[in-house]
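Chemist: Got a file for you: entry.txt, compact mmCIF, C-alpha atoms and all ligand atoms.
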```txt
# COMPACT_ATOMS: atom_id res chain seq x y z
CA MET A 1 15.86 100.56 136.81
CA ILE A 2 17.92 102.96 134.72
CA TYR A 3 18.71 101.77 131.21
CA ASP A 4 22.01 102.66 129.54
CA LEU A 5 19.96 103.40 126.46
CA ILE A 6 16.32 103.72 125.45
CA ILE A 7 15.69 103.64 121.72
CA ILE A 8 12.50 105.42 120.66
CA GLY A 9 11.33 103.85 117.40
CA ALA A 10 11.15 100.26 116.17
CA GLY A 11 11.87 100.83 112.48
CA PRO A 12 15.08 99.96 110.61
CA ALA A 13 17.15 102.56 112.52
CA GLY A 14 15.88 101.62 116.00
CA LEU A 15 16.07 97.86 115.48
CA THR A 16 19.57 98.02 113.97
CA ALA A 17 20.66 100.17 116.91
CA SER A 18 19.25 97.48 119.22
CA ILE A 19 21.16 94.71 117.40
CA TYR A 20 24.43 96.61 117.85
CA ALA A 21 23.55 97.59 121.43
CA SER A 22 23.08 93.90 122.29
CA ARG A 23 26.43 93.03 120.74
CA TYR A 24 28.00 95.74 122.93
CA LYS A 25 26.05 94.34 125.91
CA MET A 26 24.35 97.66 126.52
CA ASN A 27 21.42 97.46 128.84
CA HIS A 28 18.74 98.86 126.52
CA LEU A 29 15.05 98.98 125.66
CA VAL A 30 13.30 99.70 122.34
CA ILE A 31 9.95 101.48 122.55
CA GLY A 32 8.16 101.71 119.21
CA GLU A 33 4.58 102.47 118.30
CA ILE A 34 4.51 100.68 114.94
CA PRO A 35 6.52 97.43 114.98
CA GLY A 36 8.90 97.56 112.01
CA GLY A 37 8.18 101.21 111.18
CA LEU A 38 7.23 102.87 107.91
CA ILE A 39 8.77 100.30 105.57
CA THR A 40 6.13 97.75 106.64
CA GLU A 41 3.86 99.71 104.27
CA ALA A 42 6.05 98.90 101.26
CA HIS A 43 4.64 96.19 99.03
CA ASN A 44 8.00 95.39 97.47
CA VAL A 45 11.48 96.26 98.66
CA CYS A 46 14.03 95.51 95.93
CA ASN A 47 17.04 97.52 97.09
CA PHE A 48 17.97 96.01 100.43
CA PRO A 49 21.22 94.05 100.00
CA GLY A 50 20.81 90.31 100.35
CA GLU A 51 17.08 90.43 99.57
CA ASN A 52 16.29 90.58 95.85
CA GLU A 53 12.60 91.13 96.48
CA ILE A 54 10.81 91.13 99.80
CA SER A 55 7.78 92.86 101.29
CA GLY A 56 8.57 95.56 103.83
CA PHE A 57 6.56 93.68 106.45
CA GLU A 58 8.54 90.45 105.95
CA LEU A 59 11.85 92.32 105.99
CA MET A 60 11.01 93.94 109.29
CA GLU A 61 9.86 90.65 110.80
CA LYS A 62 13.43 89.49 110.16
CA PHE A 63 14.84 92.63 111.81
CA GLN A 64 12.61 92.14 114.85
CA LYS A 65 13.52 88.48 115.20
CA HIS A 66 17.22 89.31 114.91
CA ALA A 67 16.98 92.03 117.56
CA LYS A 68 14.99 89.76 119.92
CA ASP A 69 17.24 86.73 119.36
CA LEU A 70 20.20 88.81 120.53
CA GLY A 71 18.32 89.68 123.72
CA GLY A 72 16.85 93.06 122.71
CA GLU A 73 13.81 94.04 124.75
CA ILE A 74 11.14 95.57 122.50
CA LEU A 75 8.02 97.29 123.74
CA SER A 76 5.64 97.69 120.80
CA MET A 77 2.43 99.69 120.37
CA GLU A 78 3.56 102.24 122.94
CA LYS A 79 3.97 105.90 122.13
CA ILE A 80 6.32 108.16 124.06
CA ILE A 81 4.52 111.40 124.77
CA LYS A 82 6.84 113.11 127.22
CA ILE A 83 10.58 113.28 127.86
CA GLU A 84 12.28 115.17 130.68
CA LYS A 85 15.92 115.38 131.72
CA ASP A 86 16.65 115.42 135.41
CA ASN A 87 20.19 115.13 136.82
CA GLU A 88 21.56 113.66 133.59
CA ILE A 89 18.83 110.98 133.58
CA PHE A 90 16.01 110.99 131.03
CA GLN A 91 12.48 110.22 132.20
CA LEU A 92 10.17 108.97 129.47
CA MET A 93 6.41 108.62 129.69
CA THR A 94 4.19 106.62 127.34
CA GLN A 95 0.62 107.32 126.30
CA SER A 96 -0.51 104.52 128.65
CA GLN A 97 1.26 106.32 131.54
CA LYS A 98 4.21 103.90 131.82
CA THR A 99 7.49 105.56 132.82
CA PHE A 100 11.07 104.60 132.01
CA SER A 101 14.50 106.03 132.86
CA ALA A 102 17.70 106.05 130.84
CA LYS A 103 21.17 107.59 130.72
CA ASN A 104 20.97 107.99 126.94
CA ILE A 105 18.13 108.14 124.47
CA LEU A 106 18.21 107.48 120.76
CA ILE A 107 15.51 109.20 118.71
CA ALA A 108 14.69 106.90 115.79
CA THR A 109 11.13 108.06 115.28
CA GLY A 110 11.23 108.37 111.49
CA THR A 111 8.66 110.45 109.66
CA LYS A 112 4.91 110.53 109.09
CA HIS A 113 2.87 110.83 105.90
CA ARG A 114 2.57 114.31 104.47
CA LYS A 115 -1.04 115.40 103.96
CA LEU A 116 -2.47 117.27 101.02
CA GLY A 117 -3.82 119.85 103.42
CA LEU A 118 -7.32 119.89 101.96
CA GLU A 119 -10.21 120.69 104.28
CA GLU A 120 -12.09 117.47 103.54
CA GLU A 121 -9.02 115.21 103.89
CA ILE A 122 -9.76 114.05 107.43
CA LYS A 123 -13.50 113.70 106.70
CA TYR A 124 -12.80 111.10 104.00
CA LEU A 125 -9.97 109.33 105.80
CA GLY A 126 -10.90 105.61 105.76
CA LYS A 127 -13.82 106.52 103.48
CA GLY A 128 -11.84 106.72 100.29
CA VAL A 129 -8.77 108.68 101.33
CA ALA A 130 -5.77 106.52 102.28
CA TYR A 131 -2.04 106.90 102.89
CA CYS A 132 -0.88 103.29 102.59
CA ALA A 133 -1.51 101.24 99.44
CA THR A 134 -0.19 98.01 100.94
CA CYS A 135 -2.56 98.32 103.90
CA ASP A 136 -5.71 99.45 102.09
CA ALA A 137 -5.55 98.24 98.46
CA MET A 138 -7.84 95.28 99.18
CA PHE A 139 -10.75 97.66 99.89
CA PHE A 140 -10.60 98.85 96.27
CA LYS A 141 -10.82 95.58 94.34
CA GLU A 142 -12.10 96.25 90.79
CA LYS A 143 -12.68 99.93 91.64
CA ILE A 144 -11.29 103.10 90.12
CA VAL A 145 -8.66 104.76 92.28
CA GLY A 146 -6.21 107.63 92.13
CA VAL A 147 -2.68 107.99 93.46
CA VAL A 148 -1.22 111.45 94.11
CA GLY A 149 2.55 111.95 93.97
CA GLY A 150 5.61 111.90 91.79
CA GLY A 151 8.20 109.86 93.72
CA ASN A 152 8.92 106.21 94.47
CA SER A 153 6.09 105.85 96.99
CA ALA A 154 3.52 107.03 94.44
CA LEU A 155 4.97 104.92 91.64
CA THR A 156 5.07 101.71 93.69
CA ALA A 157 1.61 102.40 95.14
CA ALA A 158 0.20 102.78 91.62
CA LEU A 159 1.81 99.51 90.52
CA TYR A 160 0.50 97.65 93.55
CA LEU A 161 -3.01 99.08 93.18
CA ALA A 162 -3.04 98.15 89.49
CA GLU A 163 -2.89 94.50 90.60
CA VAL A 164 -6.27 94.77 92.33
CA ALA A 165 -8.11 97.86 91.08
CA GLN A 166 -9.98 98.24 87.80
CA LYS A 167 -8.07 101.39 86.88
CA VAL A 168 -5.47 103.65 88.50
CA TYR A 169 -4.97 107.35 87.76
CA LEU A 170 -1.51 108.53 88.77
CA ILE A 171 -1.67 112.27 89.39
CA ALA A 172 1.62 114.19 89.30
CA ARG A 173 2.13 117.94 89.86
CA GLY A 174 4.91 118.15 87.30
CA ASP A 175 5.52 116.73 83.87
CA SER A 176 7.87 113.96 85.02
CA PHE A 177 8.58 111.64 87.96
CA ASN A 178 11.52 111.72 90.35
CA GLY A 179 11.66 108.05 91.34
CA GLU A 180 13.72 105.06 90.28
CA VAL A 181 13.77 104.54 86.50
CA VAL A 182 12.75 100.88 86.93
CA TRP A 183 9.49 101.91 88.62
CA ILE A 184 8.83 104.71 86.10
CA ASP A 185 9.20 102.25 83.20
CA GLN A 186 6.84 99.77 84.83
CA VAL A 187 4.23 102.45 85.49
CA LYS A 188 4.39 103.74 81.92
CA ASN A 189 4.02 100.22 80.53
CA ASN A 190 1.12 99.20 82.75
CA PRO A 191 -2.14 99.33 80.75
CA LYS A 192 -4.22 99.80 83.91
CA ILE A 193 -2.38 103.01 84.90
CA GLU A 194 -3.23 106.36 83.33
CA ILE A 195 -0.83 109.19 84.15
CA ILE A 196 -2.20 112.70 84.61
CA TYR A 197 0.69 115.18 84.57
CA ASN A 198 0.70 118.84 85.66
CA SER A 199 -2.26 118.42 87.99
CA ALA A 200 -3.00 119.04 91.66
CA VAL A 201 -5.97 117.76 93.64
CA SER A 202 -7.95 120.83 94.71
CA LYS A 203 -11.13 119.29 96.16
CA LEU A 204 -12.39 115.98 97.51
CA GLN A 205 -16.11 115.38 96.86
CA GLY A 206 -18.81 112.92 97.87
CA GLU A 207 -21.72 112.36 100.24
CA GLU A 208 -20.64 109.89 102.92
CA LYS A 209 -17.66 108.53 101.02
CA LEU A 210 -15.26 109.94 98.48
CA GLU A 211 -16.86 109.85 95.04
CA SER A 212 -14.83 112.25 92.94
CA ILE A 213 -11.98 114.75 93.02
CA GLU A 214 -11.41 118.12 91.45
CA LEU A 215 -8.11 118.67 89.64
CA LYS A 216 -6.44 121.97 88.83
CA ASN A 217 -3.90 122.22 86.06
CA THR A 218 -0.64 123.39 87.68
CA LYS A 219 0.32 125.32 84.54
CA ASP A 220 -3.06 126.98 84.07
CA GLU A 221 -5.19 127.31 87.24
CA ASN A 222 -8.27 128.08 85.17
CA LYS A 223 -8.20 124.58 83.75
CA ILE A 224 -10.30 122.56 86.20
CA SER A 225 -11.54 119.01 85.71
CA ASN A 226 -13.36 116.34 87.74
CA LEU A 227 -12.46 112.70 88.09
CA ASP A 228 -14.82 110.01 89.43
CA LEU A 229 -13.08 107.55 91.72
CA ALA A 230 -13.68 105.48 94.83
CA GLY A 231 -10.29 105.86 96.45
CA LEU A 232 -7.45 108.35 96.57
CA PHE A 233 -4.02 107.31 97.83
CA ILE A 234 -1.95 110.26 98.96
CA GLU A 235 1.71 109.43 98.42
CA ILE A 236 3.38 112.83 98.49
CA GLY A 237 6.21 111.97 100.84
CA THR A 238 6.75 112.17 104.54
CA GLU A 239 7.71 114.78 107.14
CA PRO A 240 9.04 114.72 110.70
CA ASP A 241 6.79 114.91 113.73
CA VAL A 242 8.35 117.60 115.90
CA VAL A 243 6.24 117.27 119.07
CA LEU A 244 8.78 115.19 121.04
CA LEU A 245 11.74 116.96 119.50
CA ASP A 246 10.53 120.36 120.69
CA GLN A 247 10.25 119.07 124.28
CA LEU A 248 13.99 118.39 124.25
CA SER A 249 14.93 121.72 122.59
CA LEU A 250 16.81 119.82 119.92
CA GLU A 251 18.43 121.71 117.09
CA LEU A 252 16.30 121.09 114.01
CA ASP A 253 16.62 121.81 110.33
CA ARG A 254 13.16 122.02 108.73
CA GLY A 255 11.96 119.61 111.43
CA TYR A 256 14.78 117.10 111.03
CA VAL A 257 17.20 116.52 113.92
CA VAL A 258 20.65 117.95 113.29
CA VAL A 259 23.28 115.34 114.19
CA ASP A 260 27.04 115.11 113.82
CA ARG A 261 28.90 112.22 112.21
CA GLU A 262 28.55 110.22 115.46
CA GLN A 263 24.74 110.72 115.40
CA LYS A 264 25.05 113.01 118.43
CA THR A 265 22.58 115.90 118.82
CA ASN A 266 23.11 119.28 120.47
CA ILE A 267 21.77 117.87 123.78
CA SER A 268 24.13 115.69 125.80
CA GLY A 269 22.82 112.11 126.06
CA VAL A 270 20.42 112.50 123.12
CA TRP A 271 21.29 110.77 119.87
CA ALA A 272 19.26 110.40 116.69
CA ALA A 273 19.27 108.01 113.71
CA GLY A 274 17.32 107.23 110.56
CA ASP A 275 14.84 109.26 108.56
CA ILE A 276 14.41 111.79 111.35
CA THR A 277 17.97 113.14 110.98
CA THR A 278 19.82 115.42 108.60
CA ASN A 279 22.55 112.82 107.95
CA SER A 280 23.11 110.42 105.02
CA ALA A 281 22.75 113.30 102.56
CA SER A 282 19.00 113.25 103.42
CA PHE A 283 18.75 110.01 101.40
CA ARG A 284 15.99 108.48 103.53
CA GLN A 285 16.07 104.73 102.96
CA VAL A 286 16.18 101.50 104.97
CA ILE A 287 19.89 100.99 104.35
CA THR A 288 20.85 104.52 105.41
CA SER A 289 18.63 104.29 108.50
CA CYS A 290 20.32 101.02 109.45
CA SER A 291 23.71 102.61 108.98
CA GLU A 292 22.84 105.55 111.22
CA GLY A 293 21.38 103.19 113.85
CA ALA A 294 24.60 101.17 113.89
CA VAL A 295 26.79 104.28 114.14
CA ALA A 296 24.60 105.65 116.95
CA SER A 297 24.95 102.49 119.05
CA TYR A 298 28.69 102.44 118.51
CA SER A 299 28.94 106.11 119.54
CA ILE A 300 26.76 105.63 122.63
CA PHE A 301 28.84 102.61 123.66
CA SER A 302 32.08 104.63 123.27
CA HIS A 303 30.52 107.50 125.23
CA LEU A 304 29.49 105.16 128.08
CA GLN A 305 32.97 103.61 128.15
CA LYS A 306 34.61 107.03 128.40
CA ASN A 307 32.30 108.16 131.19
CA ARG A 308 32.44 104.94 133.21
CA LYS A 309 33.58 105.78 136.75
CA CYS A 310 36.46 103.63 138.08
C1 LIG B 1 5.42 103.28 100.75
C2 LIG B 1 6.88 103.36 101.09
C3 LIG B 1 7.78 102.57 100.40
C4 LIG B 1 9.14 102.63 100.70
N1 LIG B 1 9.98 101.81 100.00
C5 LIG B 1 11.30 101.78 100.31
C6 LIG B 1 12.18 100.88 99.65
O1 LIG B 1 11.79 100.14 98.75
N2 LIG B 1 13.49 100.87 100.04
C7 LIG B 1 13.97 101.68 101.04
O2 LIG B 1 15.14 101.59 101.36
N3 LIG B 1 13.14 102.54 101.68
C8 LIG B 1 11.84 102.61 101.35
N4 LIG B 1 10.99 103.49 102.01
C9 LIG B 1 11.58 104.38 103.04
C10 LIG B 1 11.74 103.65 104.38
O3 LIG B 1 10.47 103.20 104.80
C11 LIG B 1 12.35 104.56 105.43
O4 LIG B 1 13.54 105.13 104.95
C12 LIG B 1 12.65 103.80 106.74
O5 LIG B 1 11.51 103.12 107.20
C13 LIG B 1 13.15 104.74 107.82
O6 LIG B 1 13.43 104.02 108.97
P1 LIG B 1 13.44 104.70 110.41
O7 LIG B 1 13.77 103.60 111.36
O8 LIG B 1 14.28 105.90 110.39
O9 LIG B 1 11.96 105.22 110.65
P2 LIG B 1 10.55 104.50 110.56
O10 LIG B 1 10.61 103.29 109.73
O11 LIG B 1 9.61 105.58 110.18
O12 LIG B 1 10.26 104.02 112.05
C14 LIG B 1 9.96 104.95 113.06
C15 LIG B 1 9.56 104.20 114.30
O13 LIG B 1 9.38 105.15 115.35
C16 LIG B 1 8.12 104.92 115.98
N5 LIG B 1 7.68 106.15 116.63
C17 LIG B 1 7.48 107.39 116.10
N6 LIG B 1 7.14 108.26 117.06
C18 LIG B 1 7.12 107.56 118.23
C19 LIG B 1 6.84 107.89 119.59
N7 LIG B 1 6.51 109.14 119.96
N8 LIG B 1 6.90 106.91 120.53
C20 LIG B 1 7.23 105.64 120.18
N9 LIG B 1 7.51 105.27 118.91
C21 LIG B 1 7.47 106.21 117.95
C22 LIG B 1 7.25 104.44 114.82
O14 LIG B 1 6.07 103.85 115.29
C23 LIG B 1 8.24 103.45 114.19
O15 LIG B 1 8.31 102.27 114.94
C24 LIG B 1 9.62 103.48 101.72
C25 LIG B 1 8.70 104.28 102.41
C26 LIG B 1 7.36 104.22 102.11
C27 LIG B 1 6.38 105.08 102.87
```
As structure tokens, please, write out the structure in this file.
Ligand SMILES: Cc1cc2nc3c(=O)[nH]c(=O)nc-3n(C[C@H](O)[C@H](O)[C@H](O)COP(=O)(O)OP(=O)(O)OC[C@H]3O[C@@H](n4cnc5c(N)ncnc54)[C@H](O)[C@@H]3O)c2cc1C
Modeler:
Amino acid sequence: MIYDLIIIGAGPAGLTASIYASRYKMNHLVIGEIPGGLITEAHNVCNFPGENEISGFELMEKFQKHAKDLGGEILSMEKIIKIEKDNEIFQLMTQSQKTFSAKNILIATGTKHRKLGLEEEIKYLGKGVAYCATCDAMFFKEKIVGVVGGGNSALTAALYLAEVAQKVYLIARGDSFNGEVVWIDQVKNNPKIEIIYNSAVSKLQGEEKLESIELKNTKDENKISNLDLAGLFIEIGTEPDVVLLDQLSLELDRGYVVVDREQKTNISGVWAAGDITTNSASFRQVITSCSEGAVASYSIFSHLQKNRKC
């Protein structure tokens, strides 16, 4: 069985691409490790048209249902680990050794959480260090926690944690935030959130579990302080995972896949959409990922039509 298209990734970009692929009657398969993608971690999504306020998980349940209702085949919890091109056909292998073939592939693999890069970060993972407030907040009921970051993810994580934790320290490297003004206002007005500006986490400390962190003042490295807390949520943005991309020799820009306005990459038959690309002015959001997914399916359909042998 050779699919017209295999979409790698089941987030907003991949699922939208599937919806359009079904409408174009393209024989396709979606393979995605995390059903719904990164946005399922968002407690509140308030900027997706048609949904005033919805959790990321609920939003993506709707996407998945829509894609499936139109006949989209979705294989979840499977990771593609290898891609090879042989005679214009792509061979894909999953971690559980399943293989699939396709004429075209769409890379919609999104991004992964950026790490602080501290030595002890992995040691405390699941023992105080976390990357997803929506997933792990419940483990910190009535406890003191910290959130590191200065963008929307950090702001919304702090607000969500403030609903369950005793106190939340929001630790920013600079002296301001670069997120939506609505979130910044809410954070500043929340009595449970204390903002610590101009600070970077320099050490994670504790016996078995995280018990405290060391902070360095970003304006004066000699100013060091300690903060007792039970949990630290690292919300410093995301970055692309280049392992698969390197296998295909794709042209990258700082790890992101370079695509043209049709979502085409430098390799024939390989397309990319969503957070993993350089398109949409690097404004990495659900709506822009959906848009790129739709454009990609349209382009792949046009490409298949042009190359159809009479
Ligand atoms: C906490 C948080 C809050 C956010 N809030 C908002 C918001 O309010 N509004 C908004 O518009 N955006 C928000 N975003 C951004 C939004 O989540 C992303 O822009 C969006 O999810 C990108 O969609 P995507 O489909 O490109 O990638 P992703 O959603 O990252 O999906 C990638 C998919 O690819 C899969 N995958 C990756 N590698 C492989 C592989 N090798 N094999 C198989 N599958 C693979 C993943 O498992 C996943 O299914 C938020 C992000 C975070 C982290």
Chemist: Pick out the residues sitting within 6 Å of range 110-116 of chain A, and hand them over as number ranges by chain; count only C-alpha atoms, and ignore anything fewer than 4 positions along from it in its own chain.
Modeler: A: 237-240, 275-276
Chemist: Which residues sit within 6 Å of ligand LIG 1 (chain B), counting all atoms listed in the file, listed as a PyMOL selection string?
Modeler: chain A and resi 8-14+31-39+41-42+45-47+78-81+108-111+153+274-276+284-287+289
Chemist: Give me the range 76-146 of chain A side of the contact with range 16-20 of chain A, cut-off 12 Å, one line per residue showing its nearest atom pair and distance in Å at one decimal, counting all atoms listed in the file, sorted by chain and residue number, as JSON lines.
Modeler:
```
{"residue": "A:Ile105", "atom": "CA", "partner": "A:Ala17", "partner_atom": "CA", "distance": 11.3}
{"residue": "A:Leu106", "atom": "CA", "partner": "A:Ala17", "partner_atom": "CA", "distance": 8.6}
{"residue": "A:Ile107", "atom": "CA", "partner": "A:Ala17", "partner_atom": "CA", "distance": 10.6}
{"residue": "A:Ala108", "atom": "CA", "partner": "A:Ala17", "partner_atom": "CA", "distance": 9.1}
```
Chemist: Take CA of Lys167 in chain A and CA of Ile144 in chain A and report the distance between them in Å, one decimal.
Modeler: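 Those two atoms sit 4.9 Å apart.
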Chemist: Between A:Val147, A:Met1, A:Ala137, A:Leu244, single out the one closest to Tyr160 in chain A, counting only C-alpha atoms.
Modeler: A:Ala137
Chemist: Pull the neighbourhood of (-6.8, 121.6, 102.7) for me: all residues within 10 Å in file coordinates, counting only C-alpha atoms, as a PyMOL selection string.
Modeler: chain A and resi 115-122+201-204
Chemist: Any chance you could export the current selection's C-alpha atoms as a short mmCIF file (atom, residue, chain, number, x, y, z; two decimals), in the coordinates of the input?
Modeler:
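out_28.cif, freshly written:
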```cif
data_model
loop_
_atom_site.label_atom_id
_atom_site.label_comp_id
_atom_site.auth_asym_id
_atom_site.auth_seq_id
_atom_site.Cartn_x
_atom_site.Cartn_y
_atom_site.Cartn_z
CA LYS A 115 -1.04 115.40 103.96
CA LEU A 116 -2.47 117.27 101.02
CA GLY A 117 -3.82 119.85 103.42
CA LEU A 118 -7.32 119.89 101.96
CA GLU A 119 -10.21 120.69 104.28
CA GLU A 120 -12.09 117.47 103.54
CA GLU A 121 -9.02 115.21 103.89
CA ILE A 122 -9.76 114.05 107.43
CA VAL A 201 -5.97 117.76 93.64
CA SER A 202 -7.95 120.83 94.71
CA LYS A 203 -11.13 119.29 96.16
CA LEU A 204 -12.39 115.98 97.51
#
```
Chemist: Let me make sure I understand: among A:Val295, A:Ala200, A:Ile89, A:Cys290, which one has the smallest atom-to-atom distance to Phe48 in chain A if we use all atoms listed in the file?
Modeler: A:Cys290
Chemist: Which residues, written as a VMD selection string, have at least one atom at most 12 Å from range 215-223 of chain A, with only C-alpha atoms counted and residues fewer than 5 positions away on the same chain left out?
Modeler: chain A and resid 146 148 169 171 to 175 196 to 205 228
Chemist: What's around Arg261 in chain A at 10 Å? Count all atoms listed in the file, leave out sequence neighbours fewer than 4 positions away in its own chain, and write the answer as JSON, numbers by chain.
Modeler: {"A": [265, 279, 280, 292, 295, 296, 299]}
Chemist: Enumerate, as a ChimeraX atom specification, the protein, DNA and RNA residues whose atoms approach (16.2, 107.5, 130.3) to within 7 Å, taking into account all atoms listed in the file and the coordinate frame of the file.
Modeler: /A:2-3,5-6,89-92,100-105
Chemist: At what distance in Å, to one decimal, does CA of Asp260 in chain A lie from CA of Lys85 in chain A?
Modeler: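 If I compute the distance from CA of Lys85 in chain A to CA of Asp260 in chain A, I get 21.1 Å.
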Chemist: Nearest to Phe57 in chain A: which of A:Asn87, A:Thr134, A:Ser22, A:Ser76 is it, counting only C-alpha atoms?
Modeler: A:Thr134
Chemist: Can you work out the spacing between CA of Phe140 in chain A and CA of Ala165 in chain A in Å, to one decimal?
Modeler: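 Rounded to one decimal, the two atoms are 5.8 Å apart.
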Chemist: For Ala67 in chain A, which of A:Lys98, A:Lys82, A:His43, A:His28 is the closest residue, counting only C-alpha atoms?
Modeler: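 Answer, going by the shortest atom-to-atom distance: A:His28.
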Chemist: Given the choices A:Val243, A:Arg23, A:Lys209, A:Gly149, which gets closest to Asp69 in chain A if the distance is worked out from only C-alpha atoms?
Modeler: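 Looking at the shortest contact to Asp69 in chain A, the residue is A:Arg23.
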Chemist: Can you patch up range 132-139 of chain A, filling it in to all heavy atoms, and show the result as a short mmCIF file (atom, residue, chain, number, x, y, z; two decimals), in the coordinates of the input?
Modeler:
```
data_model
loop_
_atom_site.label_atom_id
_atom_site.label_comp_id
_atom_site.auth_asym_id
_atom_site.auth_seq_id
_atom_site.Cartn_x
_atom_site.Cartn_y
_atom_site.Cartn_z
N CYS A 132 -1.72 104.50 102.66
CA CYS A 132 -0.88 103.29 102.59
C CYS A 132 -1.52 102.28 101.65
O CYS A 132 -2.52 101.64 102.00
CB CYS A 132 -0.72 102.70 103.99
SG CYS A 132 0.03 101.08 104.00
N ALA A 133 -0.94 102.14 100.45
CA ALA A 133 -1.51 101.24 99.44
C ALA A 133 -1.45 99.79 99.91
O ALA A 133 -2.41 99.03 99.75
CB ALA A 133 -0.78 101.41 98.12
N THR A 134 -0.33 99.40 100.50
CA THR A 134 -0.19 98.01 100.94
C THR A 134 -1.27 97.65 101.96
O THR A 134 -1.81 96.55 101.94
CB THR A 134 1.20 97.80 101.58
OG1 THR A 134 2.17 98.33 100.69
CG2 THR A 134 1.50 96.34 101.82
N CYS A 135 -1.58 98.60 102.84
CA CYS A 135 -2.56 98.32 103.90
C CYS A 135 -3.99 98.31 103.36
O CYS A 135 -4.82 97.51 103.79
CB CYS A 135 -2.49 99.36 105.01
SG CYS A 135 -0.86 99.97 105.40
N ASP A 136 -4.31 99.21 102.43
CA ASP A 136 -5.71 99.45 102.09
C ASP A 136 -6.14 99.06 100.67
O ASP A 136 -7.32 99.19 100.33
CB ASP A 136 -6.05 100.93 102.31
CG ASP A 136 -5.94 101.32 103.78
OD1 ASP A 136 -6.02 100.41 104.62
OD2 ASP A 136 -5.77 102.50 104.08
N ALA A 137 -5.21 98.56 99.87
CA ALA A 137 -5.55 98.24 98.46
C ALA A 137 -6.73 97.28 98.36
O ALA A 137 -7.60 97.42 97.49
CB ALA A 137 -4.33 97.64 97.76
N MET A 138 -6.80 96.32 99.27
CA MET A 138 -7.84 95.28 99.18
C MET A 138 -9.26 95.86 99.26
O MET A 138 -10.21 95.21 98.83
CB MET A 138 -7.63 94.23 100.26
CG MET A 138 -7.74 94.79 101.63
SD MET A 138 -7.25 93.61 102.86
CE MET A 138 -7.36 94.58 104.34
N PHE A 139 -9.40 97.06 99.80
CA PHE A 139 -10.75 97.66 99.89
C PHE A 139 -11.19 98.23 98.54
O PHE A 139 -12.32 98.70 98.40
CB PHE A 139 -10.78 98.79 100.93
CG PHE A 139 -10.42 98.34 102.32
CD1 PHE A 139 -9.32 98.85 102.99
CD2 PHE A 139 -11.20 97.37 102.96
CE1 PHE A 139 -8.99 98.41 104.26
CE2 PHE A 139 -10.87 96.93 104.23
CZ PHE A 139 -9.76 97.44 104.88
#
```
